[in-house]
Amino acid sequence: MPVVRRVGRLVGFSAIACALTAITAPSHAALIMHKDLPLSVAVKLAEETVAACAAKGYAVSTVVVDREGETIVELRGDEASPHTMENARRKAYTAMTFKQATADYAKKLNDGNPVIRQQVTLPNVIAIPGGVPIKVGDTVVGGVGASGSPGFDDDCVGAGMNAIKDQLQ
């Protein structure tokens, strides 16, 4: 019978040791990995957007935000009106937040979508064309917005996005 007790004690000790090891062992939780928009790409995007509108005779501002909605780059073109900077920032933020072009977002508002009608009451959200999410594959890494060229903001942003498309891999 002493053998049984020793085995019992060993089994009990092993169970306790395993339980303590499990409690004190480091967690192997996976870290969340993501891509971020580098400053150099954000600067090029902003510069190309402003240049595209200037080539059409429009003085605009453009803003690029990161995945958190924080401003990375803001440029106010020569002769751009003061309000264009804030509009561009809000367009970039809205596009990033809702993962869609602000032109599409504005259409949903105009169609009377009740969710959009509530969302536009949030700070920094605006339903005016001229903002586009910046994506790497299907992942949104930021947003860009332009303001100051009525009816052409989307075209200017499109030209800027076209200039950096090969860098969004």
# chains A, B, ... in the order shown; residues from 1 in each chain; ligands from 1
call {"tool": "residues_around", "arguments": {"residues": "A:Ala106", "least_positions_apart": "3", "cutoff": "9 Å", "atoms": "only C-alpha atoms", "output": "JSON, numbers by chain"}}
result
{"A": [101, 102, 103, 109, 110, 111, 116, 126, 127, 128, 129]}
call {"tool": "select_by_dssp", "arguments": {"residues": "stretch 50-125 of chain A", "states": "alpha helix (DSSP H)", "output": "count of residues only"}}
result
37
call {"tool": "closest_residue", "arguments": {"among": "A:Pro123, A:Pro150, A:Ala42, A:Gly145", "to": "A:Ala59", "atoms": "only C-alpha atoms"}}
result
A:Pro150
call {"tool": "residues_around", "arguments": {"residues": "stretch 44-49 of chain A", "least_positions_apart": "4", "cutoff": "12 Å", "atoms": "only C-alpha atoms", "output": "PyMOL selection string"}}
result
chain A and resi 37-40+53-56+58-65+71-77+88-89+92+130-132+134+142-149+152-168
call {"tool": "residues_around", "arguments": {"residues": "A:Met33", "least_positions_apart": "3", "cutoff": "12 Å", "atoms": "only C-alpha atoms", "output": "count of residues only"}}
result
3
call {"tool": "atom_distance", "arguments": {"atom1": "atom CA of A:Gly151", "atom2": "atom CA of A:Ala52"}}
result
13.5 Å
call {"tool": "closest_residue", "arguments": {"among": "A:Gln169, A:Thr97, A:Asp104, A:Val136", "to": "A:Glu70", "atoms": "only C-alpha atoms"}}
result
A:Thr97
call {"tool": "closest_residue", "arguments": {"among": "A:Ala29, A:Val50, A:Val141, A:Leu122", "to": "A:Met85", "atoms": "only C-alpha atoms"}}
result
A:Val50
call {"tool": "select_by_dssp", "arguments": {"residues": "chain A", "states": "strand (DSSP E)", "output": "list in words"}}
result
Ser61, Thr62, Val63, Val64, Val65, Asp66, Thr71, Ile72, Val73, Glu74, Leu75, Arg76, Gly131, Val132, Pro133, Ile134, Lys135, Val136, Thr139, Val140, Val141, Gly142, Gly143, Val144, Gly145, Ala146 and Ser147 of chain A
call {"tool": "write_last_selection", "arguments": {"atoms": "N, CA and C atoms", "output": "PDB file, in the first residue's frame"}}
result
ATOM      1  N   SER A  61      -7.217  72.631 -50.170  1.00  0.00           N
ATOM      2  CA  SER A  61      -6.475  72.060 -49.051  1.00  0.00           C
ATOM      3  C   SER A  61      -6.699  70.565 -49.105  1.00  0.00           C
ATOM      4  N   THR A  62      -5.711  69.830 -48.615  1.00  0.00           N
ATOM      5  CA  THR A  62      -5.861  68.380 -48.515  1.00  0.00           C
ATOM      6  C   THR A  62      -5.290  67.919 -47.186  1.00  0.00           C
ATOM      7  N   VAL A  63      -5.923  66.894 -46.639  1.00  0.00           N
ATOM      8  CA  VAL A  63      -5.498  66.328 -45.360  1.00  0.00           C
ATOM      9  C   VAL A  63      -5.456  64.814 -45.502  1.00  0.00           C
ATOM     10  N   VAL A  64      -4.427  64.210 -44.915  1.00  0.00           N
ATOM     11  CA  VAL A  64      -4.291  62.762 -44.862  1.00  0.00           C
ATOM     12  C   VAL A  64      -4.299  62.367 -43.393  1.00  0.00           C
ATOM     13  N   VAL A  65      -5.181  61.412 -43.046  1.00  0.00           N
ATOM     14  CA  VAL A  65      -5.259  60.907 -41.673  1.00  0.00           C
ATOM     15  C   VAL A  65      -4.828  59.447 -41.633  1.00  0.00           C
ATOM     16  N   ASP A  66      -4.413  59.003 -40.452  1.00  0.00           N
ATOM     17  CA  ASP A  66      -4.007  57.611 -40.279  1.00  0.00           C
ATOM     18  C   ASP A  66      -5.199  56.740 -39.893  1.00  0.00           C
ATOM     19  N   THR A  71      -4.363  63.336 -37.908  1.00  0.00           N
ATOM     20  CA  THR A  71      -3.751  63.972 -39.071  1.00  0.00           C
ATOM     21  C   THR A  71      -2.272  63.605 -39.188  1.00  0.00           C
ATOM     22  N   ILE A  72      -1.904  63.149 -40.379  1.00  0.00           N
ATOM     23  CA  ILE A  72      -0.492  62.897 -40.690  1.00  0.00           C
ATOM     24  C   ILE A  72       0.071  64.107 -41.430  1.00  0.00           C
ATOM     25  N   VAL A  73      -0.670  64.566 -42.456  1.00  0.00           N
ATOM     26  CA  VAL A  73      -0.234  65.684 -43.292  1.00  0.00           C
ATOM     27  C   VAL A  73      -1.433  66.564 -43.591  1.00  0.00           C
ATOM     28  N   GLU A  74      -1.213  67.853 -43.562  1.00  0.00           N
ATOM     29  CA  GLU A  74      -2.231  68.798 -44.040  1.00  0.00           C
ATOM     30  C   GLU A  74      -1.524  69.877 -44.843  1.00  0.00           C
ATOM     31  N   LEU A  75      -2.071  70.122 -46.014  1.00  0.00           N
ATOM     32  CA  LEU A  75      -1.514  71.148 -46.898  1.00  0.00           C
ATOM     33  C   LEU A  75      -2.621  72.100 -47.317  1.00  0.00           C
ATOM     34  N   ARG A  76      -2.344  73.358 -47.201  1.00  0.00           N
ATOM     35  CA  ARG A  76      -3.289  74.368 -47.687  1.00  0.00           C
ATOM     36  C   ARG A  76      -2.645  75.015 -48.896  1.00  0.00           C
ATOM     37  N   GLY A 131     -13.624  62.840 -50.109  1.00  0.00           N
ATOM     38  CA  GLY A 131     -12.839  62.026 -49.182  1.00  0.00           C
ATOM     39  C   GLY A 131     -12.814  60.584 -49.642  1.00  0.00           C
ATOM     40  N   VAL A 132     -11.669  59.933 -49.474  1.00  0.00           N
ATOM     41  CA  VAL A 132     -11.498  58.548 -49.913  1.00  0.00           C
ATOM     42  C   VAL A 132     -10.710  57.785 -48.853  1.00  0.00           C
ATOM     43  N   PRO A 133     -11.140  56.557 -48.545  1.00  0.00           N
ATOM     44  CA  PRO A 133     -10.317  55.748 -47.634  1.00  0.00           C
ATOM     45  C   PRO A 133      -9.053  55.285 -48.351  1.00  0.00           C
ATOM     46  N   ILE A 134      -7.980  55.170 -47.614  1.00  0.00           N
ATOM     47  CA  ILE A 134      -6.727  54.659 -48.162  1.00  0.00           C
ATOM     48  C   ILE A 134      -6.634  53.205 -47.723  1.00  0.00           C
ATOM     49  N   LYS A 135      -6.547  52.314 -48.713  1.00  0.00           N
ATOM     50  CA  LYS A 135      -6.574  50.882 -48.412  1.00  0.00           C
ATOM     51  C   LYS A 135      -5.304  50.185 -48.884  1.00  0.00           C
ATOM     52  N   VAL A 136      -4.924  49.179 -48.126  1.00  0.00           N
ATOM     53  CA  VAL A 136      -3.922  48.213 -48.533  1.00  0.00           C
ATOM     54  C   VAL A 136      -4.687  46.904 -48.593  1.00  0.00           C
ATOM     55  N   THR A 139      -7.856  46.382 -46.262  1.00  0.00           N
ATOM     56  CA  THR A 139      -7.644  47.017 -44.969  1.00  0.00           C
ATOM     57  C   THR A 139      -7.485  48.523 -45.120  1.00  0.00           C
ATOM     58  N   VAL A 140      -8.281  49.274 -44.387  1.00  0.00           N
ATOM     59  CA  VAL A 140      -8.187  50.732 -44.408  1.00  0.00           C
ATOM     60  C   VAL A 140      -7.054  51.166 -43.475  1.00  0.00           C
ATOM     61  N   VAL A 141      -6.084  51.891 -44.030  1.00  0.00           N
ATOM     62  CA  VAL A 141      -4.935  52.366 -43.258  1.00  0.00           C
ATOM     63  C   VAL A 141      -4.969  53.880 -43.048  1.00  0.00           C
ATOM     64  N   GLY A 142      -5.981  54.537 -43.612  1.00  0.00           N
ATOM     65  CA  GLY A 142      -6.093  55.978 -43.459  1.00  0.00           C
ATOM     66  C   GLY A 142      -7.166  56.542 -44.356  1.00  0.00           C
ATOM     67  N   GLY A 143      -7.147  57.845 -44.491  1.00  0.00           N
ATOM     68  CA  GLY A 143      -8.098  58.524 -45.356  1.00  0.00           C
ATOM     69  C   GLY A 143      -7.489  59.802 -45.881  1.00  0.00           C
ATOM     70  N   VAL A 144      -7.999  60.266 -47.031  1.00  0.00           N
ATOM     71  CA  VAL A 144      -7.532  61.518 -47.617  1.00  0.00           C
ATOM     72  C   VAL A 144      -8.754  62.331 -48.007  1.00  0.00           C
ATOM     73  N   GLY A 145      -8.666  63.623 -47.810  1.00  0.00           N
ATOM     74  CA  GLY A 145      -9.755  64.510 -48.192  1.00  0.00           C
ATOM     75  C   GLY A 145      -9.218  65.766 -48.843  1.00  0.00           C
ATOM     76  N   ALA A 146      -9.998  66.306 -49.764  1.00  0.00           N
ATOM     77  CA  ALA A 146      -9.654  67.572 -50.420  1.00  0.00           C
ATOM     78  C   ALA A 146     -10.872  68.466 -50.386  1.00  0.00           C
ATOM     79  N   SER A 147     -10.628  69.762 -50.328  1.00  0.00           N
ATOM     80  CA  SER A 147     -11.723  70.728 -50.317  1.00  0.00           C
ATOM     81  C   SER A 147     -11.271  72.008 -50.997  1.00  0.00           C
TER      82      SER A 147
END
call {"tool": "atom_distance", "arguments": {"atom1": "atom CA of A:Gly137", "atom2": "atom CA of A:His34"}}
result
11.9 Å
call {"tool": "closest_residue", "arguments": {"among": "A:Glu68, A:Gly57, A:Lys91, A:Ile32", "to": "A:Val125", "atoms": "only C-alpha atoms"}}
result
A:Lys91
call {"tool": "atom_distance", "arguments": {"atom1": "atom CA of A:Val120", "atom2": "atom CA of A:Val41"}}
result
29.0 Å
call {"tool": "decode", "arguments": {"residues": "stretch 99-114 of chain A", "atoms": "all heavy atoms", "output": "PDB file, in the first residue's frame"}}
result
ATOM      1  N   LYS A  99     -15.046  53.707 -43.965  1.00  0.00           N
ATOM      2  CA  LYS A  99     -14.431  52.825 -44.972  1.00  0.00           C
ATOM      3  C   LYS A  99     -15.082  52.927 -46.346  1.00  0.00           C
ATOM      4  O   LYS A  99     -15.289  51.940 -47.037  1.00  0.00           O
ATOM      5  CB  LYS A  99     -14.441  51.372 -44.483  1.00  0.00           C
ATOM      6  CG  LYS A  99     -13.686  51.161 -43.184  1.00  0.00           C
ATOM      7  CD  LYS A  99     -13.861  49.768 -42.656  1.00  0.00           C
ATOM      8  CE  LYS A  99     -13.110  49.440 -41.408  1.00  0.00           C
ATOM      9  NZ  LYS A  99     -12.783  50.422 -40.449  1.00  0.00           N
ATOM     10  N   GLN A 100     -15.411  54.152 -46.726  1.00  0.00           N
ATOM     11  CA  GLN A 100     -16.026  54.386 -48.033  1.00  0.00           C
ATOM     12  C   GLN A 100     -15.775  55.820 -48.466  1.00  0.00           C
ATOM     13  O   GLN A 100     -15.515  56.692 -47.635  1.00  0.00           O
ATOM     14  CB  GLN A 100     -17.520  54.096 -47.991  1.00  0.00           C
ATOM     15  CG  GLN A 100     -18.302  54.977 -47.027  1.00  0.00           C
ATOM     16  CD  GLN A 100     -19.753  54.576 -46.915  1.00  0.00           C
ATOM     17  OE1 GLN A 100     -20.477  54.707 -47.893  1.00  0.00           O
ATOM     18  NE2 GLN A 100     -20.154  54.085 -45.758  1.00  0.00           N
ATOM     19  N   ALA A 101     -15.882  56.037 -49.750  1.00  0.00           N
ATOM     20  CA  ALA A 101     -15.737  57.396 -50.273  1.00  0.00           C
ATOM     21  C   ALA A 101     -16.857  58.270 -49.721  1.00  0.00           C
ATOM     22  O   ALA A 101     -17.992  57.808 -49.566  1.00  0.00           O
ATOM     23  CB  ALA A 101     -15.773  57.371 -51.796  1.00  0.00           C
ATOM     24  N   THR A 102     -16.538  59.508 -49.436  1.00  0.00           N
ATOM     25  CA  THR A 102     -17.564  60.395 -48.893  1.00  0.00           C
ATOM     26  C   THR A 102     -18.644  60.709 -49.924  1.00  0.00           C
ATOM     27  O   THR A 102     -19.756  61.060 -49.551  1.00  0.00           O
ATOM     28  CB  THR A 102     -16.959  61.694 -48.334  1.00  0.00           C
ATOM     29  OG1 THR A 102     -16.169  62.324 -49.349  1.00  0.00           O
ATOM     30  CG2 THR A 102     -16.092  61.407 -47.112  1.00  0.00           C
ATOM     31  N   ALA A 103     -18.348  60.555 -51.212  1.00  0.00           N
ATOM     32  CA  ALA A 103     -19.388  60.725 -52.239  1.00  0.00           C
ATOM     33  C   ALA A 103     -20.464  59.651 -52.058  1.00  0.00           C
ATOM     34  O   ALA A 103     -21.660  59.945 -52.142  1.00  0.00           O
ATOM     35  CB  ALA A 103     -18.776  60.649 -53.634  1.00  0.00           C
ATOM     36  N   ASP A 104     -20.053  58.410 -51.802  1.00  0.00           N
ATOM     37  CA  ASP A 104     -21.009  57.326 -51.558  1.00  0.00           C
ATOM     38  C   ASP A 104     -21.765  57.559 -50.254  1.00  0.00           C
ATOM     39  O   ASP A 104     -22.966  57.309 -50.156  1.00  0.00           O
ATOM     40  CB  ASP A 104     -20.297  55.971 -51.496  1.00  0.00           C
ATOM     41  CG  ASP A 104     -19.644  55.604 -52.812  1.00  0.00           C
ATOM     42  OD1 ASP A 104     -20.098  56.092 -53.875  1.00  0.00           O
ATOM     43  OD2 ASP A 104     -18.672  54.824 -52.789  1.00  0.00           O
ATOM     44  N   TYR A 105     -21.049  58.030 -49.261  1.00  0.00           N
ATOM     45  CA  TYR A 105     -21.659  58.322 -47.959  1.00  0.00           C
ATOM     46  C   TYR A 105     -22.708  59.426 -48.104  1.00  0.00           C
ATOM     47  O   TYR A 105     -23.806  59.328 -47.540  1.00  0.00           O
ATOM     48  CB  TYR A 105     -20.553  58.736 -46.987  1.00  0.00           C
ATOM     49  CG  TYR A 105     -20.976  58.826 -45.550  1.00  0.00           C
ATOM     50  CD1 TYR A 105     -21.196  57.685 -44.796  1.00  0.00           C
ATOM     51  CD2 TYR A 105     -21.129  60.067 -44.935  1.00  0.00           C
ATOM     52  CE1 TYR A 105     -21.565  57.772 -43.465  1.00  0.00           C
ATOM     53  CE2 TYR A 105     -21.490  60.153 -43.612  1.00  0.00           C
ATOM     54  CZ  TYR A 105     -21.712  59.010 -42.879  1.00  0.00           C
ATOM     55  OH  TYR A 105     -22.087  59.108 -41.556  1.00  0.00           O
ATOM     56  N   ALA A 106     -22.397  60.460 -48.892  1.00  0.00           N
ATOM     57  CA  ALA A 106     -23.339  61.561 -49.114  1.00  0.00           C
ATOM     58  C   ALA A 106     -24.595  61.078 -49.839  1.00  0.00           C
ATOM     59  O   ALA A 106     -25.702  61.531 -49.531  1.00  0.00           O
ATOM     60  CB  ALA A 106     -22.657  62.675 -49.906  1.00  0.00           C
ATOM     61  N   LYS A 107     -24.431  60.154 -50.781  1.00  0.00           N
ATOM     62  CA  LYS A 107     -25.595  59.596 -51.492  1.00  0.00           C
ATOM     63  C   LYS A 107     -26.521  58.877 -50.521  1.00  0.00           C
ATOM     64  O   LYS A 107     -27.745  58.986 -50.620  1.00  0.00           O
ATOM     65  CB  LYS A 107     -25.147  58.624 -52.587  1.00  0.00           C
ATOM     66  CG  LYS A 107     -24.562  59.297 -53.801  1.00  0.00           C
ATOM     67  CD  LYS A 107     -24.094  58.257 -54.825  1.00  0.00           C
ATOM     68  CE  LYS A 107     -23.259  58.919 -55.898  1.00  0.00           C
ATOM     69  NZ  LYS A 107     -22.646  57.944 -56.799  1.00  0.00           N
ATOM     70  N   LYS A 108     -25.944  58.141 -49.582  1.00  0.00           N
ATOM     71  CA  LYS A 108     -26.760  57.431 -48.589  1.00  0.00           C
ATOM     72  C   LYS A 108     -27.531  58.425 -47.720  1.00  0.00           C
ATOM     73  O   LYS A 108     -28.678  58.181 -47.363  1.00  0.00           O
ATOM     74  CB  LYS A 108     -25.891  56.528 -47.721  1.00  0.00           C
ATOM     75  CG  LYS A 108     -25.324  55.346 -48.481  1.00  0.00           C
ATOM     76  CD  LYS A 108     -24.391  54.529 -47.611  1.00  0.00           C
ATOM     77  CE  LYS A 108     -23.765  53.404 -48.413  1.00  0.00           C
ATOM     78  NZ  LYS A 108     -22.780  52.649 -47.636  1.00  0.00           N
ATOM     79  N   LEU A 109     -26.886  59.531 -47.378  1.00  0.00           N
ATOM     80  CA  LEU A 109     -27.576  60.566 -46.595  1.00  0.00           C
ATOM     81  C   LEU A 109     -28.715  61.158 -47.413  1.00  0.00           C
ATOM     82  O   LEU A 109     -29.834  61.312 -46.919  1.00  0.00           O
ATOM     83  CB  LEU A 109     -26.603  61.664 -46.168  1.00  0.00           C
ATOM     84  CG  LEU A 109     -27.234  62.840 -45.424  1.00  0.00           C
ATOM     85  CD1 LEU A 109     -27.798  62.394 -44.080  1.00  0.00           C
ATOM     86  CD2 LEU A 109     -26.224  63.959 -45.234  1.00  0.00           C
ATOM     87  N   ASN A 110     -28.446  61.479 -48.669  1.00  0.00           N
ATOM     88  CA  ASN A 110     -29.468  62.065 -49.540  1.00  0.00           C
ATOM     89  C   ASN A 110     -30.630  61.106 -49.797  1.00  0.00           C
ATOM     90  O   ASN A 110     -31.751  61.540 -50.047  1.00  0.00           O
ATOM     91  CB  ASN A 110     -28.860  62.524 -50.861  1.00  0.00           C
ATOM     92  CG  ASN A 110     -27.973  63.735 -50.683  1.00  0.00           C
ATOM     93  OD1 ASN A 110     -28.129  64.502 -49.735  1.00  0.00           O
ATOM     94  ND2 ASN A 110     -27.020  63.906 -51.569  1.00  0.00           N
ATOM     95  N   ASP A 111     -30.357  59.795 -49.737  1.00  0.00           N
ATOM     96  CA  ASP A 111     -31.413  58.791 -49.904  1.00  0.00           C
ATOM     97  C   ASP A 111     -32.230  58.606 -48.627  1.00  0.00           C
ATOM     98  O   ASP A 111     -33.163  57.816 -48.604  1.00  0.00           O
ATOM     99  CB  ASP A 111     -30.819  57.445 -50.333  1.00  0.00           C
ATOM    100  CG  ASP A 111     -30.271  57.480 -51.745  1.00  0.00           C
ATOM    101  OD1 ASP A 111     -30.615  58.406 -52.509  1.00  0.00           O
ATOM    102  OD2 ASP A 111     -29.481  56.573 -52.090  1.00  0.00           O
ATOM    103  N   GLY A 112     -31.850  59.307 -47.571  1.00  0.00           N
ATOM    104  CA  GLY A 112     -32.613  59.262 -46.328  1.00  0.00           C
ATOM    105  C   GLY A 112     -32.266  58.116 -45.399  1.00  0.00           C
ATOM    106  O   GLY A 112     -33.047  57.783 -44.505  1.00  0.00           O
ATOM    107  N   ASN A 113     -31.095  57.507 -45.569  1.00  0.00           N
ATOM    108  CA  ASN A 113     -30.682  56.408 -44.692  1.00  0.00           C
ATOM    109  C   ASN A 113     -30.674  56.896 -43.242  1.00  0.00           C
ATOM    110  O   ASN A 113     -29.936  57.819 -42.897  1.00  0.00           O
ATOM    111  CB  ASN A 113     -29.287  55.928 -45.113  1.00  0.00           C
ATOM    112  CG  ASN A 113     -28.799  54.745 -44.316  1.00  0.00           C
ATOM    113  OD1 ASN A 113     -28.849  54.741 -43.095  1.00  0.00           O
ATOM    114  ND2 ASN A 113     -28.300  53.742 -45.016  1.00  0.00           N
ATOM    115  N   PRO A 114     -31.506  56.275 -42.376  1.00  0.00           N
ATOM    116  CA  PRO A 114     -31.613  56.762 -41.001  1.00  0.00           C
ATOM    117  C   PRO A 114     -30.321  56.609 -40.188  1.00  0.00           C
ATOM    118  O   PRO A 114     -30.056  57.424 -39.298  1.00  0.00           O
ATOM    119  CB  PRO A 114     -32.742  55.927 -40.401  1.00  0.00           C
ATOM    120  CG  PRO A 114     -32.852  54.721 -41.270  1.00  0.00           C
ATOM    121  CD  PRO A 114     -32.384  55.139 -42.630  1.00  0.00           C
TER     122      PRO A 114
END
